[in-house]
file start_3.cif (mmCIF, C-alpha atoms)
data_final
#
loop_
_atom_site.group_PDB
_atom_site.id
_atom_site.type_symbol
_atom_site.label_atom_id
_atom_site.label_comp_id
_atom_site.auth_asym_id
_atom_site.auth_seq_id
_atom_site.Cartn_x
_atom_site.Cartn_y
_atom_site.Cartn_z
ATOM 1 C CA MET A 15 -5.023 -13.667 -11.188
ATOM 2 C CA LYS A 16 -6.871 -12.443 -8.066
ATOM 3 C CA GLU A 17 -3.965 -13.223 -5.760
ATOM 4 C CA ALA A 18 -1.462 -11.661 -8.159
ATOM 5 C CA LEU A 19 -3.518 -8.463 -8.289
ATOM 6 C CA LYS A 20 -3.927 -8.425 -4.511
ATOM 7 C CA LYS A 21 -0.151 -8.552 -4.210
ATOM 8 C CA ARG A 22 0.358 -6.005 -6.988
ATOM 9 C CA THR A 23 -2.058 -3.465 -5.474
ATOM 10 C CA LYS A 24 -0.435 -3.869 -2.062
ATOM 11 C CA ILE A 25 3.021 -3.275 -3.572
ATOM 12 C CA PHE A 26 1.600 -0.232 -5.374
ATOM 13 C CA ALA A 27 0.429 1.168 -2.022
ATOM 14 C CA HIS A 28 3.807 0.485 -0.386
ATOM 15 C CA ASN A 29 5.628 2.177 -3.274
ATOM 16 C CA CYS A 30 3.391 5.244 -3.057
ATOM 17 C CA ILE A 31 4.098 5.486 0.661
ATOM 18 C CA LYS A 32 7.847 5.200 -0.002
ATOM 19 C CA ILE A 33 7.606 8.007 -2.559
ATOM 20 C CA THR A 34 5.927 10.306 -0.042
ATOM 21 C CA SER A 35 8.739 9.770 2.454
ATOM 22 C CA THR A 36 11.001 11.792 0.129
ATOM 23 C CA PHE A 37 8.677 14.833 0.095
ATOM 24 C CA PRO A 38 9.785 17.964 1.945
ATOM 25 C CA ASN A 39 8.082 18.867 5.207
ATOM 26 C CA ASN A 40 5.776 21.734 4.244
ATOM 27 C CA TYR A 41 2.022 22.316 4.114
ATOM 28 C CA LEU A 42 1.496 21.449 0.438
ATOM 29 C CA ALA A 43 3.769 18.405 0.497
ATOM 30 C CA ASN A 44 2.102 17.110 3.651
ATOM 31 C CA HIS A 45 -1.343 17.554 2.099
ATOM 32 C CA ILE A 46 -0.354 15.676 -1.063
ATOM 33 C CA LYS A 47 1.376 13.028 1.046
ATOM 34 C CA GLY A 48 -1.804 12.389 3.027
ATOM 35 C CA GLN A 49 -3.975 12.267 -0.079
ATOM 36 C CA LEU A 50 -1.628 9.887 -1.916
ATOM 37 C CA ILE A 51 -1.282 7.571 1.074
ATOM 38 C CA ARG A 52 -5.078 7.487 1.534
ATOM 39 C CA CYS A 53 -6.015 6.730 -2.066
ATOM 40 C CA SER A 54 -3.149 4.329 -2.861
ATOM 41 C CA THR A 55 -3.830 2.208 0.215
ATOM 42 C CA SER A 56 -7.523 2.362 -0.680
ATOM 43 C CA VAL A 57 -6.698 0.729 -4.029
ATOM 44 C CA ALA A 58 -5.314 -2.319 -2.257
ATOM 45 C CA ALA A 59 -8.003 -2.480 0.421
ATOM 46 C CA ASN A 60 -10.888 -2.017 -2.001
ATOM 47 C CA TYR A 61 -9.494 -4.539 -4.468
ATOM 48 C CA ARG A 62 -9.537 -7.110 -1.664
ATOM 49 C CA ALA A 63 -13.179 -6.186 -1.019
ATOM 50 C CA THR A 64 -13.884 -6.589 -4.741
ATOM 51 C CA CYS A 65 -12.576 -10.137 -4.565
ATOM 52 C CA MET A 66 -15.182 -10.860 -1.882
ATOM 53 C CA ALA A 67 -18.121 -9.421 -3.838
ATOM 54 C CA GLN A 68 -21.295 -11.468 -3.429
ATOM 55 C CA SER A 69 -22.870 -10.514 -6.752
ATOM 56 C CA LYS A 70 -22.048 -9.118 -10.170
ATOM 57 C CA ALA A 71 -23.581 -5.771 -9.210
ATOM 58 C CA SER A 72 -21.486 -5.667 -6.039
ATOM 59 C CA PHE A 73 -18.344 -6.558 -8.010
ATOM 60 C CA ILE A 74 -18.998 -3.782 -10.518
ATOM 61 C CA ALA A 75 -19.626 -1.240 -7.756
ATOM 62 C CA LYS A 76 -16.503 -2.237 -5.851
ATOM 63 C CA ILE A 77 -14.224 -2.378 -8.908
ATOM 64 C CA SER A 78 -15.485 1.097 -9.829
ATOM 65 C CA ILE A 79 -14.217 2.382 -6.476
ATOM 66 C CA VAL A 80 -10.839 0.753 -7.152
ATOM 67 C CA ILE A 81 -10.682 2.477 -10.552
ATOM 68 C CA GLU A 82 -11.465 5.856 -8.970
ATOM 69 C CA GLU A 83 -8.832 5.382 -6.277
ATOM 70 C CA VAL A 84 -6.046 4.294 -8.620
ATOM 71 C CA ASP A 85 -6.861 7.205 -10.930
ATOM 72 C CA GLU A 86 -6.761 9.572 -7.964
ATOM 73 C CA SER A 87 -3.405 8.104 -6.942
ATOM 74 C CA ASN A 88 -2.149 8.839 -10.436
ATOM 75 C CA PHE A 89 -3.431 12.422 -10.114
ATOM 76 C CA TRP A 90 -1.591 13.045 -6.833
ATOM 77 C CA ILE A 91 1.643 11.537 -8.162
ATOM 78 C CA GLU A 92 1.457 13.795 -11.213
ATOM 79 C CA PHE A 93 0.542 16.773 -8.999
ATOM 80 C CA ALA A 94 3.577 16.135 -6.795
ATOM 81 C CA LEU A 95 5.694 16.135 -9.944
ATOM 82 C CA ASP A 96 4.059 19.372 -11.147
ATOM 83 C CA GLU A 97 4.876 20.977 -7.792
ATOM 84 C CA ASN A 98 8.507 19.788 -7.984
ATOM 85 C CA LEU A 99 8.173 17.648 -4.878
ATOM 86 C CA ILE A 100 9.738 14.725 -6.707
ATOM 87 C CA GLU A 101 11.824 14.042 -9.800
ATOM 88 C CA LYS A 102 10.232 12.377 -12.836
ATOM 89 C CA ASN A 103 12.822 9.584 -12.921
ATOM 90 C CA GLN A 104 11.835 8.679 -9.341
ATOM 91 C CA ILE A 105 8.200 8.103 -10.260
ATOM 92 C CA ASP A 106 8.178 6.789 -13.832
ATOM 93 C CA PHE A 107 7.732 3.214 -12.591
ATOM 94 C CA ILE A 108 4.812 4.080 -10.307
ATOM 95 C CA LEU A 109 3.062 6.153 -12.989
ATOM 96 C CA LYS A 110 3.390 3.216 -15.357
ATOM 97 C CA GLU A 111 2.001 0.869 -12.720
ATOM 98 C CA SER A 112 -0.962 3.129 -11.934
ATOM 99 C CA ARG A 113 -1.846 3.301 -15.641
ATOM 100 C CA GLU A 114 -1.547 -0.473 -16.033
ATOM 101 C CA LEU A 115 -3.694 -1.127 -12.959
ATOM 102 C CA THR A 116 -6.299 1.340 -14.221
ATOM 103 C CA ALA A 117 -6.440 -0.457 -17.581
ATOM 104 C CA ILE A 118 -6.742 -3.877 -15.917
ATOM 105 C CA PHE A 119 -9.561 -2.781 -13.629
ATOM 106 C CA ILE A 120 -11.454 -0.991 -16.405
ATOM 107 C CA ALA A 121 -11.209 -4.127 -18.542
ATOM 108 C CA SER A 122 -12.483 -6.215 -15.612
ATOM 109 C CA ARG A 123 -15.449 -3.904 -15.147
ATOM 110 C CA LYS A 124 -16.266 -4.030 -18.872
ATOM 111 C CA THR A 125 -16.115 -7.821 -18.859
ATOM 112 C CA ALA A 126 -18.342 -8.060 -15.794
ATOM 113 C CA SER A 127 -20.820 -5.579 -17.275
ATOM 114 C CA LYS A 128 -21.191 -7.632 -20.476
ATOM 115 C CA LYS A 129 -21.978 -10.929 -18.748
#
call {"tool": "encode", "arguments": {"input": "start_3.cif", "output": "structure tokens"}}
result
Amino acid sequence: MKEALKKRTKIFAHNCIKITSTFPNNYLANHIKGQLIRCSTSVAANYRATCMAQSKASFIAKISIVIEEVDESNFWIEFALDENLIEKNQIDFILKESRELTAIFIASRKTASKK
């Protein structure tokens, strides 16, 4: 499961980067592009750090960062859509993935918190 999620979060980051390459070259689009690239790549990097957690408390702290970053990615994708920087049909798959990843990581945090 860990390796599958490492791969999945990395693909998520790559797909977010690919989406931003279609944005126009203007101030707002460039700002959103930078934000989305930062938080989506942070999902993948921080999930890898989560896998290396030395304690339950460390795991919970690190997975919480992953949850925040994937939720922020979702925000910027939706914001780009709101600003007509991208078409809905171009991002449906990535919105679905961000919601699924969020649910997985929240469930992981809940499980870890109960133990």
call {"tool": "closest_residue", "arguments": {"input": "start_3.cif", "among": "A:Ile51, A:Cys30, A:Val84, A:Ala94", "to": "Thr116 in chain A", "atoms": "all atoms listed in the file"}}
result
A:Val84
call {"tool": "resolve_selection", "arguments": {"input": "start_3.cif", "expression": "the PyMOL selection byres ((chain A and resi 95-104) around 12)", "output": "PyMOL selection string"}}
result
chain A and resi 29-30+32-47+88-94+105-110
call {"tool": "resolve_selection", "arguments": {"input": "start_3.cif", "expression": "the PyMOL selection byres ((chain A and resi 119-122) around 12)", "output": "ChimeraX atom specification"}}
result
/A:15-16,19,23,57,60-61,64-65,70,73-85,112-118,123-129
call {"tool": "atom_distance", "arguments": {"input": "start_3.cif", "atom1": "CA of Met66 in chain A", "atom2": "CA of Ser54 in chain A"}}
result
19.4 Å
call {"tool": "axis_aligned_box", "arguments": {"input": "start_3.cif", "around": "range 66-75 of chain A", "padding_each_side": "8 Å", "output": "JSON"}}
result
{"center_x": -19.4, "center_y": -6.4, "center_z": -6.2, "size_x": 24.4, "size_y": 26.2, "size_z": 24.6}
call {"tool": "closest_residue", "arguments": {"input": "start_3.cif", "among": "A:Ser56, A:Ile25, A:Ser69, A:Glu17", "to": "Glu86 in chain A", "atoms": "all atoms listed in the file"}}
result
A:Ser56
call {"tool": "atom_distance", "arguments": {"input": "start_3.cif", "atom1": "CA of Ser87 in chain A", "atom2": "CA of Arg62 in chain A"}}
result
17.2 Å
